[in-house]
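Coordinates from target22.cif are shown below (mmCIF, C-alpha atoms).
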data_my_file
loop_
_atom_site.label_atom_id
_atom_site.label_comp_id
_atom_site.auth_asym_id
_atom_site.auth_seq_id
_atom_site.Cartn_x
_atom_site.Cartn_y
_atom_site.Cartn_z
CA MET E 3 26.39 -32.71 -55.52
CA ASN E 4 23.64 -31.78 -53.09
CA ASP E 5 20.33 -31.55 -55.00
CA THR E 6 18.04 -30.67 -52.12
CA PRO E 7 18.37 -26.95 -51.55
CA ASP E 8 15.64 -24.63 -50.38
CA ASN E 9 14.34 -23.41 -53.72
CA SER E 10 12.06 -20.70 -52.36
CA ARG E 11 14.08 -18.07 -54.26
CA ALA E 12 15.30 -20.25 -57.13
CA THR E 13 14.11 -18.85 -60.45
CA ALA E 14 15.61 -19.51 -63.87
CA VAL E 15 17.48 -16.57 -65.36
CA PRO E 16 15.85 -15.42 -68.63
CA ALA E 17 18.81 -15.87 -70.99
CA SER E 18 17.58 -14.66 -74.39
CA ARG E 19 17.24 -11.00 -75.33
CA LEU E 20 13.63 -11.54 -76.39
CA ALA E 21 12.75 -13.14 -73.06
CA ARG E 22 14.41 -10.32 -71.11
CA LEU E 23 12.69 -7.66 -73.19
CA GLY E 24 9.40 -9.44 -72.59
CA ARG E 25 9.95 -9.39 -68.82
CA LEU E 26 10.66 -5.65 -68.87
CA GLY E 27 7.66 -5.06 -71.11
CA SER E 28 5.41 -7.10 -68.82
CA MET E 29 6.67 -5.17 -65.81
CA THR E 30 5.98 -1.85 -67.54
CA ALA E 31 2.49 -2.94 -68.58
CA GLY E 32 1.70 -4.06 -65.03
CA VAL E 33 2.85 -0.75 -63.58
CA ALA E 34 0.83 1.16 -66.18
CA GLY E 35 -2.24 -0.95 -65.37
CA ASN E 36 -1.91 -0.19 -61.67
CA MET E 37 -1.60 3.51 -62.47
CA ALA E 38 -4.74 3.45 -64.61
CA VAL E 39 -6.79 1.70 -61.93
CA ASN E 40 -5.60 3.98 -59.15
CA GLY E 41 -6.07 7.07 -61.33
CA ALA E 42 -9.63 6.11 -62.16
CA ALA E 43 -10.36 5.53 -58.48
CA GLN E 44 -9.04 8.98 -57.58
CA LEU E 45 -11.08 10.62 -60.33
CA GLY E 46 -14.15 8.80 -59.01
CA ARG E 47 -13.53 10.41 -55.63
CA GLY E 48 -13.29 13.85 -57.25
CA GLN E 49 -9.50 14.03 -56.85
CA ARG E 50 -7.00 15.15 -59.47
CA PRO E 51 -4.47 12.31 -59.80
CA SER E 52 -0.74 13.06 -59.79
CA MET E 53 1.33 11.01 -62.26
CA ARG E 54 4.19 10.87 -59.78
CA ASN E 55 1.98 9.64 -56.94
CA LEU E 56 0.29 7.11 -59.22
CA LEU E 57 3.64 5.69 -60.26
CA LEU E 58 5.28 5.57 -56.83
CA THR E 59 2.83 3.35 -55.00
CA PRO E 60 4.12 0.54 -52.76
CA ARG E 61 2.65 -1.98 -55.20
CA ASN E 62 4.47 -0.49 -58.19
CA ILE E 63 7.72 -0.12 -56.26
CA GLY E 64 7.49 -3.77 -55.26
CA ARG E 65 6.74 -4.88 -58.82
CA VAL E 66 9.79 -3.10 -60.25
CA ALA E 67 12.18 -4.34 -57.54
CA ASP E 68 10.92 -7.92 -57.70
CA GLU E 69 11.12 -8.13 -61.50
CA LEU E 70 14.64 -6.70 -61.68
CA ALA E 71 15.74 -9.12 -58.93
CA LYS E 72 14.41 -12.05 -60.97
CA MET E 73 16.03 -10.84 -64.20
CA ARG E 74 19.46 -10.25 -62.66
CA GLY E 75 22.18 -9.10 -65.03
CA ALA E 76 22.52 -5.51 -66.18
CA ALA E 77 18.94 -4.63 -65.27
CA MET E 78 19.53 -5.51 -61.63
CA LYS E 79 23.11 -4.19 -61.56
CA ILE E 80 22.05 -0.73 -62.69
CA GLY E 81 19.49 -0.74 -59.92
CA GLN E 82 22.14 -1.66 -57.37
CA LEU E 83 24.49 1.05 -58.63
CA MET E 84 21.75 3.65 -58.52
CA SER E 85 20.81 2.69 -54.96
CA MET E 86 24.33 3.59 -53.82
CA ASP E 87 25.45 6.19 -56.34
CA THR E 88 22.54 8.51 -56.98
CA GLY E 89 20.54 8.63 -53.78
CA ASP E 90 21.23 12.36 -53.52
CA VAL E 91 20.28 13.00 -57.17
CA LEU E 92 17.24 10.87 -57.81
CA PRO E 93 14.00 11.08 -55.85
CA PRO E 94 13.97 9.02 -52.63
CA GLU E 95 11.13 6.90 -53.97
CA LEU E 96 13.26 5.69 -56.89
CA SER E 97 16.19 5.09 -54.55
CA GLN E 98 13.83 2.99 -52.44
CA ILE E 99 13.10 0.79 -55.45
CA MET E 100 16.76 0.29 -56.14
CA ALA E 101 17.90 -0.19 -52.54
CA ARG E 102 15.82 -3.37 -52.35
CA LEU E 103 18.08 -4.86 -54.99
CA ARG E 104 21.33 -4.81 -53.04
CA ASN E 105 20.64 -8.09 -51.29
CA ASP E 106 17.55 -9.37 -53.06
CA ALA E 107 18.80 -11.55 -55.91
CA HIS E 108 17.06 -14.79 -56.79
CA PHE E 109 19.33 -17.71 -57.70
CA MET E 110 19.43 -20.33 -60.44
CA PRO E 111 17.58 -23.61 -59.87
CA PRO E 112 19.84 -26.71 -59.83
CA ALA E 113 18.98 -27.76 -63.40
CA GLN E 114 20.09 -24.43 -64.86
CA LEU E 115 23.19 -24.38 -62.66
CA LYS E 116 24.21 -27.82 -63.96
CA GLN E 117 23.80 -26.63 -67.54
CA VAL E 118 26.24 -23.78 -66.92
CA LEU E 119 28.78 -26.00 -65.16
CA ASN E 120 28.56 -28.70 -67.84
CA ALA E 121 29.17 -26.09 -70.53
CA ASN E 122 32.32 -24.79 -68.80
CA TRP E 123 33.95 -27.82 -67.20
CA PRO E 124 35.19 -31.16 -68.58
CA GLU E 125 32.89 -34.16 -68.85
CA ASN E 126 32.42 -36.00 -65.54
CA TRP E 127 33.73 -33.00 -63.64
CA LEU E 128 31.67 -33.95 -60.60
CA ARG E 129 33.95 -36.94 -59.97
CA SER E 130 36.68 -34.50 -58.89
CA PHE E 131 34.55 -33.10 -56.11
CA GLN E 132 34.02 -34.44 -52.63
CA LYS E 133 31.15 -32.00 -52.12
CA PHE E 134 29.37 -29.30 -54.14
CA ASP E 135 26.59 -27.32 -52.45
CA VAL E 136 23.86 -26.48 -54.95
CA ARG E 137 22.37 -23.73 -52.82
CA PRO E 138 24.59 -20.65 -53.26
CA ILE E 139 26.24 -18.94 -50.33
CA ALA E 140 25.77 -15.63 -52.17
CA ALA E 141 23.67 -14.47 -55.11
CA ALA E 142 24.04 -11.10 -56.81
CA SER E 143 23.28 -9.38 -60.09
CA ILE E 144 25.79 -11.10 -62.39
CA GLY E 145 26.52 -14.40 -60.72
CA GLN E 146 26.14 -16.59 -57.66
CA VAL E 147 28.73 -18.25 -55.42
CA HIS E 148 28.82 -21.90 -54.33
CA ARG E 149 30.99 -23.63 -51.79
CA ALA E 150 32.65 -26.85 -52.92
CA LYS E 151 35.39 -29.19 -51.77
CA LEU E 152 37.63 -31.03 -54.18
CA LYS E 153 38.87 -34.55 -53.50
CA ASP E 154 42.40 -33.14 -53.36
CA GLY E 155 41.32 -31.23 -50.25
CA ARG E 156 40.92 -27.73 -51.64
CA ASP E 157 38.00 -25.78 -50.14
CA LEU E 158 36.66 -23.49 -52.87
CA ALA E 159 34.24 -20.64 -53.41
CA ILE E 160 33.03 -20.96 -57.01
CA LYS E 161 31.48 -17.92 -58.66
CA VAL E 162 29.17 -18.91 -61.52
CA GLN E 163 27.92 -16.34 -64.02
CA TYR E 164 24.24 -16.36 -64.92
CA PRO E 165 23.62 -17.59 -68.50
CA GLY E 166 22.93 -14.91 -71.08
CA VAL E 167 23.88 -12.05 -68.78
CA ALA E 168 26.92 -10.92 -70.78
CA ARG E 169 25.06 -11.11 -74.11
CA SER E 170 22.11 -9.12 -72.76
CA ILE E 171 24.03 -6.15 -71.31
CA ASP E 172 23.53 -3.75 -74.22
CA SER E 173 19.81 -4.44 -74.59
CA ASP E 174 19.23 -4.44 -70.81
CA VAL E 175 20.92 -1.06 -70.40
CA ALA E 176 18.99 0.41 -73.32
CA ASN E 177 15.67 -0.91 -72.01
CA VAL E 178 16.26 0.32 -68.46
CA GLY E 179 17.23 3.73 -69.86
CA VAL E 180 13.94 3.92 -71.76
CA LEU E 181 11.98 3.02 -68.64
CA MET E 182 13.79 5.66 -66.57
CA ARG E 183 13.11 8.37 -69.15
CA MET E 184 9.45 7.35 -69.40
CA SER E 185 9.06 7.46 -65.64
CA GLY E 186 9.45 11.24 -65.49
CA LEU E 187 11.46 10.81 -62.28
CA LEU E 188 14.79 12.07 -63.58
CA PRO E 189 15.55 15.62 -62.45
CA LYS E 190 15.16 18.33 -65.07
CA GLY E 191 18.41 18.75 -66.98
CA PHE E 192 19.84 15.40 -65.80
CA GLU E 193 21.47 13.79 -68.84
CA ILE E 194 21.57 10.04 -68.44
CA LYS E 195 22.93 8.93 -71.82
CA SER E 196 26.63 9.04 -70.98
CA TYR E 197 26.08 7.42 -67.59
CA LEU E 198 24.29 4.51 -69.24
CA ALA E 199 27.17 4.17 -71.73
CA GLU E 200 29.65 3.93 -68.86
CA ALA E 201 27.41 1.47 -67.02
CA ARG E 202 27.38 -0.67 -70.16
CA GLN E 203 31.18 -0.61 -70.37
CA GLN E 204 31.63 -1.45 -66.70
CA LEU E 205 29.17 -4.31 -66.90
CA HIS E 206 31.00 -5.82 -69.87
CA GLU E 207 34.18 -5.72 -67.77
CA GLU E 208 32.47 -7.25 -64.73
CA THR E 209 31.19 -10.21 -66.74
CA ASP E 210 34.74 -11.04 -67.85
CA TYR E 211 35.77 -13.41 -65.08
CA THR E 212 39.22 -13.86 -66.63
CA ARG E 213 39.79 -10.14 -66.11
CA GLU E 214 38.41 -10.31 -62.57
CA GLY E 215 40.74 -13.21 -61.78
CA GLN E 216 43.69 -11.10 -62.88
CA GLN E 217 42.58 -8.22 -60.65
CA LEU E 218 42.06 -10.63 -57.76
CA SER E 219 45.67 -11.78 -58.19
CA ASN E 220 46.85 -8.16 -58.46
CA PHE E 221 45.29 -7.21 -55.12
CA ARG E 222 46.49 -10.40 -53.47
CA GLU E 223 50.04 -9.45 -54.46
CA LEU E 224 49.63 -5.77 -53.49
CA LEU E 225 48.34 -6.70 -50.03
CA ARG E 226 50.40 -9.84 -49.37
CA ASP E 227 52.44 -8.10 -46.63
CA ASP E 228 49.48 -6.28 -45.06
CA PRO E 229 48.21 -8.39 -42.12
CA ARG E 230 44.92 -6.49 -41.92
CA PHE E 231 43.45 -8.04 -45.05
CA LEU E 232 42.76 -11.46 -46.57
CA VAL E 233 42.42 -11.84 -50.34
CA PRO E 234 41.49 -15.31 -51.67
CA GLN E 235 43.73 -17.08 -54.17
CA GLN E 236 42.37 -17.93 -57.60
CA HIS E 237 42.45 -21.56 -58.78
CA ASN E 238 43.08 -21.43 -62.52
CA ASP E 239 42.35 -25.12 -63.18
CA TRP E 240 38.66 -24.60 -62.32
CA SER E 241 38.30 -21.03 -63.65
CA THR E 242 36.91 -20.05 -67.07
CA PRO E 243 35.59 -16.77 -68.55
CA ASP E 244 32.22 -17.62 -66.90
CA ILE E 245 33.44 -19.30 -63.70
CA LEU E 246 35.85 -17.95 -61.09
CA ALA E 247 37.19 -20.49 -58.60
CA MET E 248 38.98 -19.18 -55.52
CA ASP E 249 39.75 -20.06 -51.91
CA TYR E 250 36.79 -20.28 -49.59
CA ILE E 251 37.53 -18.08 -46.58
CA ASN E 252 35.41 -18.13 -43.45
CA GLY E 253 33.92 -14.83 -42.44
CA VAL E 254 30.79 -13.04 -41.29
CA PRO E 255 29.10 -10.20 -43.18
CA ILE E 256 30.95 -7.01 -42.38
CA GLU E 257 27.78 -5.23 -41.25
CA ASP E 258 27.31 -7.92 -38.60
CA MET E 259 30.29 -6.35 -36.84
CA SER E 260 28.05 -3.42 -35.86
CA SER E 261 27.54 -5.27 -32.55
CA ALA E 262 31.28 -5.75 -31.95
CA PRO E 263 33.19 -3.79 -29.30
CA GLN E 264 33.88 -0.17 -30.21
CA GLU E 265 37.63 -0.66 -30.74
CA ILE E 266 37.03 -3.43 -33.29
CA ARG E 267 34.46 -1.35 -35.19
CA ASP E 268 36.83 1.61 -35.17
CA LYS E 269 39.69 -0.51 -36.50
CA ILE E 270 37.61 -2.01 -39.33
CA ALA E 271 36.47 1.42 -40.50
CA HIS E 272 39.97 2.87 -40.11
CA ASP E 273 41.54 0.06 -42.12
CA LEU E 274 39.02 0.29 -44.98
CA ILE E 275 39.34 4.08 -45.21
CA GLU E 276 43.13 3.75 -45.14
CA LEU E 277 42.96 1.07 -47.85
CA THR E 278 40.81 3.35 -50.02
CA LEU E 279 43.44 6.11 -49.84
CA LYS E 280 46.21 3.60 -50.51
CA GLU E 281 44.33 2.38 -53.60
CA LEU E 282 44.06 5.98 -54.79
CA PHE E 283 47.49 7.38 -53.99
CA THR E 284 49.80 4.32 -53.87
CA PHE E 285 48.30 1.59 -56.05
CA ASN E 286 46.52 3.90 -58.55
CA LEU E 287 44.18 0.92 -58.77
CA MET E 288 40.82 0.82 -57.02
CA GLN E 289 38.12 -1.74 -56.38
CA THR E 290 35.29 0.70 -57.03
CA ASP E 291 32.30 -1.33 -55.77
CA PRO E 292 31.88 -0.68 -52.02
CA ASN E 293 28.85 -2.98 -51.68
CA PHE E 294 28.82 -4.34 -48.13
CA ALA E 295 28.70 -7.89 -49.51
CA ASN E 296 32.24 -7.44 -50.83
CA TYR E 297 33.67 -7.31 -47.30
CA ARG E 298 33.62 -9.96 -44.59
CA TYR E 299 35.34 -10.33 -41.23
CA ASN E 300 37.32 -13.38 -40.16
CA HIS E 301 37.10 -13.70 -36.36
CA ALA E 302 39.85 -16.31 -36.17
CA THR E 303 42.49 -14.12 -37.80
CA LYS E 304 40.90 -10.70 -37.02
CA GLN E 305 41.24 -9.78 -40.68
CA ILE E 306 38.97 -8.15 -43.25
CA VAL E 307 38.25 -10.45 -46.18
CA LEU E 308 38.15 -8.64 -49.54
CA LEU E 309 35.93 -10.09 -52.26
CA ASP E 310 34.74 -9.29 -55.80
CA PHE E 311 37.24 -7.42 -57.95
CA GLY E 312 35.12 -7.21 -61.10
CA ALA E 313 34.74 -3.43 -60.76
CA THR E 314 38.48 -2.78 -60.30
CA ARG E 315 39.61 0.30 -62.20
CA ALA E 316 43.03 1.77 -62.98
CA LEU E 317 43.16 5.46 -62.06
CA SER E 318 44.79 8.03 -64.31
CA PRO E 319 47.65 10.19 -62.99
CA THR E 320 45.44 13.22 -63.69
CA ILE E 321 42.60 12.21 -61.35
CA VAL E 322 45.07 11.08 -58.68
CA SER E 323 46.81 14.47 -58.80
CA GLN E 324 43.50 16.34 -58.70
CA TYR E 325 42.30 14.55 -55.59
CA GLN E 326 45.68 14.91 -53.93
CA ARG E 327 45.63 18.68 -54.48
CA MET E 328 41.98 18.98 -53.47
CA MET E 329 42.54 17.15 -50.18
CA LYS E 330 45.63 19.21 -49.38
CA ALA E 331 43.73 22.43 -50.12
CA GLY E 332 40.79 21.25 -48.03
CA LEU E 333 42.91 20.39 -45.02
CA THR E 334 44.57 23.83 -45.16
CA ASP E 335 41.32 25.64 -46.11
CA ASP E 336 42.87 27.11 -49.26
CA VAL E 337 39.59 28.37 -50.77
CA ASP E 338 40.98 29.61 -54.10
CA THR E 339 42.71 26.31 -54.78
CA LEU E 340 39.60 24.36 -53.76
CA GLU E 341 37.46 26.24 -56.27
CA ARG E 342 40.06 25.83 -59.02
CA ILE E 343 40.31 22.08 -58.47
CA ALA E 344 36.53 21.75 -58.20
CA ASN E 345 36.50 23.13 -61.74
CA GLU E 346 39.18 20.71 -62.88
CA ILE E 347 37.47 17.67 -61.41
CA GLY E 348 34.06 18.64 -62.75
CA PHE E 349 32.08 19.58 -59.65
CA LEU E 350 31.68 23.01 -61.27
CA GLY E 351 31.16 23.81 -64.94
CA PRO E 352 31.22 26.78 -67.33
CA GLN E 353 27.44 27.15 -66.97
CA THR E 354 27.46 27.13 -63.16
CA GLN E 355 26.09 30.41 -61.84
CA PRO E 356 28.31 32.42 -59.43
CA ASN E 357 25.96 31.95 -56.46
CA HIS E 358 25.84 28.21 -57.12
CA ARG E 359 29.63 28.08 -57.40
CA ASN E 360 29.91 29.65 -53.96
CA GLN E 361 27.40 27.19 -52.49
CA VAL E 362 29.21 24.16 -53.95
CA VAL E 363 32.56 25.37 -52.58
CA THR E 364 30.90 25.97 -49.22
CA LEU E 365 29.68 22.38 -49.20
CA ILE E 366 33.21 21.10 -49.91
CA ARG E 367 34.68 23.34 -47.20
CA LEU E 368 32.07 22.09 -44.75
CA VAL E 369 33.33 18.52 -45.16
CA PHE E 370 36.97 19.46 -44.70
CA SER E 371 36.13 21.72 -41.76
CA ALA E 372 34.65 18.72 -39.96
CA LEU E 373 37.83 16.74 -40.67
CA ARG E 374 40.09 19.54 -39.44
CA ASP E 375 38.20 20.56 -36.32
CA SER E 376 37.89 17.17 -34.64
CA PRO E 377 40.62 14.65 -33.81
CA SER E 378 38.26 11.94 -35.09
CA ILE E 379 34.93 11.68 -36.90
CA ASP E 380 32.16 10.00 -34.93
CA PHE E 381 30.07 8.27 -37.58
CA ALA E 382 27.36 7.53 -35.01
CA LYS E 383 26.47 11.22 -35.15
CA ASN E 384 24.92 12.38 -38.41
CA GLU E 385 24.80 16.15 -37.98
CA LEU E 386 27.26 16.68 -40.85
CA SER E 387 25.41 14.42 -43.29
CA GLN E 388 22.10 16.06 -42.37
CA GLU E 389 23.54 19.53 -42.89
CA LEU E 390 25.05 18.52 -46.24
CA GLN E 391 21.75 17.00 -47.33
CA LEU E 392 19.76 20.12 -46.39
CA LYS E 393 22.20 22.40 -48.19
CA GLY E 394 22.21 20.09 -51.21
CA ILE E 395 18.41 20.13 -51.37
CA ALA E 396 18.40 23.92 -51.11
CA LEU E 397 20.95 24.11 -53.91
CA ALA E 398 18.82 21.91 -56.16
CA ARG E 399 15.68 23.91 -55.42
CA ASP E 400 17.59 27.04 -56.37
CA GLY E 401 17.98 25.62 -59.88
CA PHE E 402 21.49 24.14 -59.72
CA VAL E 403 22.03 21.45 -62.35
CA PRO E 404 25.19 19.42 -61.62
CA PRO E 405 27.67 19.30 -64.51
CA GLN E 406 28.25 15.93 -66.11
CA LEU E 407 31.04 14.37 -64.07
CA PRO E 408 33.95 12.41 -65.57
CA ILE E 409 33.48 8.70 -64.99
CA ASP E 410 36.63 8.37 -62.83
CA THR E 411 35.18 11.00 -60.49
CA ILE E 412 31.90 9.10 -60.27
CA PHE E 413 33.68 5.88 -59.36
CA LEU E 414 35.83 7.62 -56.75
CA GLN E 415 32.86 9.37 -55.15
CA ARG E 416 31.00 6.06 -55.18
CA LYS E 417 33.85 4.35 -53.31
CA PHE E 418 34.23 7.14 -50.76
CA GLY E 419 30.49 7.25 -50.17
CA GLY E 420 30.21 3.48 -49.77
CA VAL E 421 33.09 3.22 -47.31
CA PHE E 422 31.72 6.11 -45.26
CA LEU E 423 28.29 4.47 -45.33
CA LEU E 424 29.84 1.32 -43.89
CA ALA E 425 31.63 3.35 -41.20
CA THR E 426 28.25 4.87 -40.33
CA LYS E 427 26.68 1.40 -40.14
CA LEU E 428 29.45 0.40 -37.72
CA GLU E 429 29.06 3.67 -35.75
CA ALA E 430 32.83 3.92 -35.81
CA LYS E 431 35.13 6.71 -34.69
CA VAL E 432 38.01 7.37 -37.11
CA ALA E 433 40.80 9.97 -37.22
CA ILE E 434 40.35 10.54 -40.95
CA ALA E 435 42.47 13.70 -41.18
CA LYS E 436 45.42 11.84 -39.66
CA ILE E 437 45.07 9.05 -42.23
CA MET E 438 44.85 11.58 -45.07
CA LYS E 439 47.91 13.51 -43.92
CA ALA E 440 49.96 10.31 -43.82
CA HIS E 441 49.25 9.82 -47.53
CA LEU E 442 49.33 13.46 -48.63
CA PHE E 443 52.36 14.81 -46.79
CA ALA E 444 54.58 11.74 -46.52
#
For the file at hand, write its structure as structure tokens.
Amino acid sequence: MNDTPDNSRATAVPASRLARLGRLGSMTAGVAGNMAVNGAAQLGRGQRPSMRNLLLTPRNIGRVADELAKMRGAAMKIGQLMSMDTGDVLPPELSQIMARLRNDAHFMPPAQLKQVLNANWPENWLRSFQKFDVRPIAAASIGQVHRAKLKDGRDLAIKVQYPGVARSIDSDVANVGVLMRMSGLLPKGFEIKSYLAEARQQLHEETDYTREGQQLSNFRELLRDDPRFLVPQQHNDWSTPDILAMDYINGVPIEDMSSAPQEIRDKIAHDLIELTLKELFTFNLMQTDPNFANYRYNHATKQIVLLDFGATRALSPTIVSQYQRMMKAGLTDDVDTLERIANEIGFLGPQTQPNHRNQVVTLIRLVFSALRDSPSIDFAKNELSQELQLKGIALARDGFVPPQLPIDTIFLQRKFGGVFLLATKLEAKVAIAKIMKAHLFA
């Protein structure tokens, strides 16, 4: 076991609820102190301080992001989800805080790592290993991944859950919710309670590595005959509820392929969009976390490596049918059906004003119009996203309060948005309408 890693980002995970509450409380006090000092300085200059501007200083943004990255667990995971899911709902300053958390996790120091491994594996477990790298090859909100080689020749990626993370989910979610309400940054009328409840449920599922191992095996079986993708195999003899052992597969970060030839970038984006529709309409089972870190590219085999199935979700026949009918209506520009299904899905509600209903339907039609009118979507051009953003801002300024969406809809929109974001990063060109028609009209 290699005990000489670079520990520049190694910090022990606070495992007890009291310790985690103390870290959040200390962070809040520090932010409040900065606000008081800056507010006093502005008053001294004869200026009227703005609470929003006092809160959203670079120093405060950095303090929040750094502390959540050190805490890991639910506190950091919620930040990661918000950075991808609610960028169009929450102020850009808050999204900036959360975006720093996508790839900014600290990792456990070797002593704490050994404690976790000793608690999960048999005595003298190290004798079975030829090599175990202490420095993780990946570190995220719930766990970190180490490469190891067994004496029997197996090359493994071993995902180790941070201690105390599962036990602290409920208190972490509650504490982060309090901080968000206190911040005053949530849009007027935005009800966060149910979203936090769903985040809590999802996080409990993601910390169950036995469940994730089952979903890993499910996707490996579903995609076994699809040469475009590689899914690692789980190794049950070294897996526990807190440790997931699987094949180590070589690959580069998927976003590194942004410098690849155009045809390779196009194919990667095409295949991931096609997989998303297959998950929805064929598997009725979706890996709902489109974080870039969950995809890698294997140059040797020219395959996309799929990782992290903790956020896998079974989709109900109802939501599958709704999205099938919505996409068909969008591709044929059936406006009446689009509005009816927008009601069913939850994009519109009983309290939505008629002028807002028309604007929302116009936004949906705008997306499908772009799909219909061009043989392929060029993700290097962002005219559509800019137009959607401007119309969305205008809608919000006009007083539109989005209805509370069903959780399945949120997960689906999150997956679509993440995959499209990756296609944009790759500057790919994809015939999306053709892919959709193959699934909708087969």
*9 Å contact set for region 391-397 of chain E, only C-alpha atoms, chain neighbours under 3 positions out, as a PyMOL selection string*: chain E and resi 90+358+361-362+365+386-388+400-403
*In terms of the shortest atom-to-atom distance over only C-alpha atoms, which of E:Ile256, E:Phe285, E:Leu309, E:Asn293 is closest to Ala159 (chain E)?*
E:Leu309
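Closest approach to Phe283 (chain E) among E:Val307, E:Ala113, E:Ala435, E:Leu317 is made by E:Leu317 (distances from all atoms listed in the file).
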*Kindly give the distance, in Å, that separates CA of Val162 (chain E) and CA of Ile306 (chain E), rounded to a single decimal.*
23.4 Å
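Separating CA of Thr278 (chain E) from CA of Asp310 (chain E) is a distance of 15.2 Å.
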*Could you check how far CA of Asn360 (chain E) sits from CA of Phe418 (chain E), in Å to one decimal?*
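CA of Asn360 (chain E) sits 23.1 Å away from CA of Phe418 (chain E).
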_Starting from the PyMOL selection byres ((chain E and resi 266-274) around 9), expand the selection into actual residues of this file and give them as number ranges by chain._
E: 230-231, 256, 259-265, 275-279, 299, 305-306, 421-422, 424-426, 428-434, 437
*asked:* Please determine, counting all atoms listed in the file, which residue among E:Gln114, E:Gln203, E:Ser219, E:Ser371 has the shortest atom-to-atom distance to Phe311 (chain E).
replied: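 Closest residue, counting all atoms listed in the file: E:Ser219.
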Set up a box along x, y and z of the file covering all listed atoms of region 124-141 of chain E, add 5 Å on every one of the six sides, and write the centre and edge lengths in Å to one decimal, as JSON.
{"center_x": 29.5, "center_y": -25.7, "center_z": -59.6, "size_x": 24.3, "size_y": 32.5, "size_z": 28.5}
_Closest of E:Thr364, E:Gln217, E:Thr314, E:Gln132 to Ala344 (chain E) - atom-to-atom distances counting all atoms listed in the file_ = E:Thr364
*If the PyMOL selection byres ((chain E and resi 339) around 12) is run on the structure shown, which residues does it catch, given as number ranges by chain?*
E: 324-338, 340-346, 363, 366-367
_Ground truth for the PyMOL selection byres ((chain E and resi 208) around 10), written as JSON, numbers by chain_ = {"E": [144, 168, 202, 203, 204, 205, 206, 207, 209, 210, 211, 212, 213, 214, 310, 311, 312, 313, 314]}
Final N, CA, C and O atoms of region 288-298 of chain E as an mmCIF file, in the coordinates of the input:
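Final output, part-v9.cif:
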data_model
loop_
_atom_site.group_PDB
_atom_site.id
_atom_site.type_symbol
_atom_site.label_atom_id
_atom_site.label_comp_id
_atom_site.auth_asym_id
_atom_site.auth_seq_id
_atom_site.Cartn_x
_atom_site.Cartn_y
_atom_site.Cartn_z
ATOM 1 N N MET E 288 41.857 0.812 -58.054
ATOM 2 C CA MET E 288 40.820 0.820 -57.020
ATOM 3 C C MET E 288 39.716 -0.183 -57.334
ATOM 4 O O MET E 288 39.237 -0.265 -58.466
ATOM 5 N N GLN E 289 39.339 -0.935 -56.305
ATOM 6 C CA GLN E 289 38.120 -1.740 -56.380
ATOM 7 C C GLN E 289 36.991 -0.755 -56.095
ATOM 8 O O GLN E 289 36.822 -0.281 -54.975
ATOM 9 N N THR E 290 36.205 -0.432 -57.123
ATOM 10 C CA THR E 290 35.290 0.700 -57.030
ATOM 11 C C THR E 290 33.877 0.337 -56.586
ATOM 12 O O THR E 290 32.998 1.192 -56.604
ATOM 13 N N ASP E 291 33.643 -0.922 -56.207
ATOM 14 C CA ASP E 291 32.300 -1.330 -55.770
ATOM 15 C C ASP E 291 32.310 -1.542 -54.262
ATOM 16 O O ASP E 291 32.761 -2.589 -53.775
ATOM 17 N N PRO E 292 31.825 -0.569 -53.482
ATOM 18 C CA PRO E 292 31.880 -0.680 -52.020
ATOM 19 C C PRO E 292 30.651 -1.370 -51.427
ATOM 20 O O PRO E 292 30.305 -1.137 -50.265
ATOM 21 N N ASN E 293 29.969 -2.211 -52.203
ATOM 22 C CA ASN E 293 28.850 -2.980 -51.680
ATOM 23 C C ASN E 293 29.275 -3.737 -50.424
ATOM 24 O O ASN E 293 30.336 -4.356 -50.402
ATOM 25 N N PHE E 294 28.457 -3.683 -49.383
ATOM 26 C CA PHE E 294 28.820 -4.340 -48.130
ATOM 27 C C PHE E 294 29.148 -5.816 -48.331
ATOM 28 O O PHE E 294 29.979 -6.382 -47.611
ATOM 29 N N ALA E 295 28.489 -6.460 -49.296
ATOM 30 C CA ALA E 295 28.700 -7.890 -49.510
ATOM 31 C C ALA E 295 30.114 -8.213 -49.960
ATOM 32 O O ALA E 295 30.529 -9.374 -49.914
ATOM 33 N N ASN E 296 30.875 -7.211 -50.371
ATOM 34 C CA ASN E 296 32.240 -7.440 -50.830
ATOM 35 C C ASN E 296 33.264 -7.443 -49.698
ATOM 36 O O ASN E 296 34.466 -7.568 -49.944
ATOM 37 N N TYR E 297 32.780 -7.274 -48.467
ATOM 38 C CA TYR E 297 33.670 -7.310 -47.300
ATOM 39 C C TYR E 297 33.102 -8.288 -46.270
ATOM 40 O O TYR E 297 31.903 -8.313 -46.002
ATOM 41 N N ARG E 298 33.991 -9.079 -45.691
ATOM 42 C CA ARG E 298 33.620 -9.960 -44.590
ATOM 43 C C ARG E 298 34.688 -9.855 -43.508
ATOM 44 O O ARG E 298 35.758 -9.276 -43.736
#
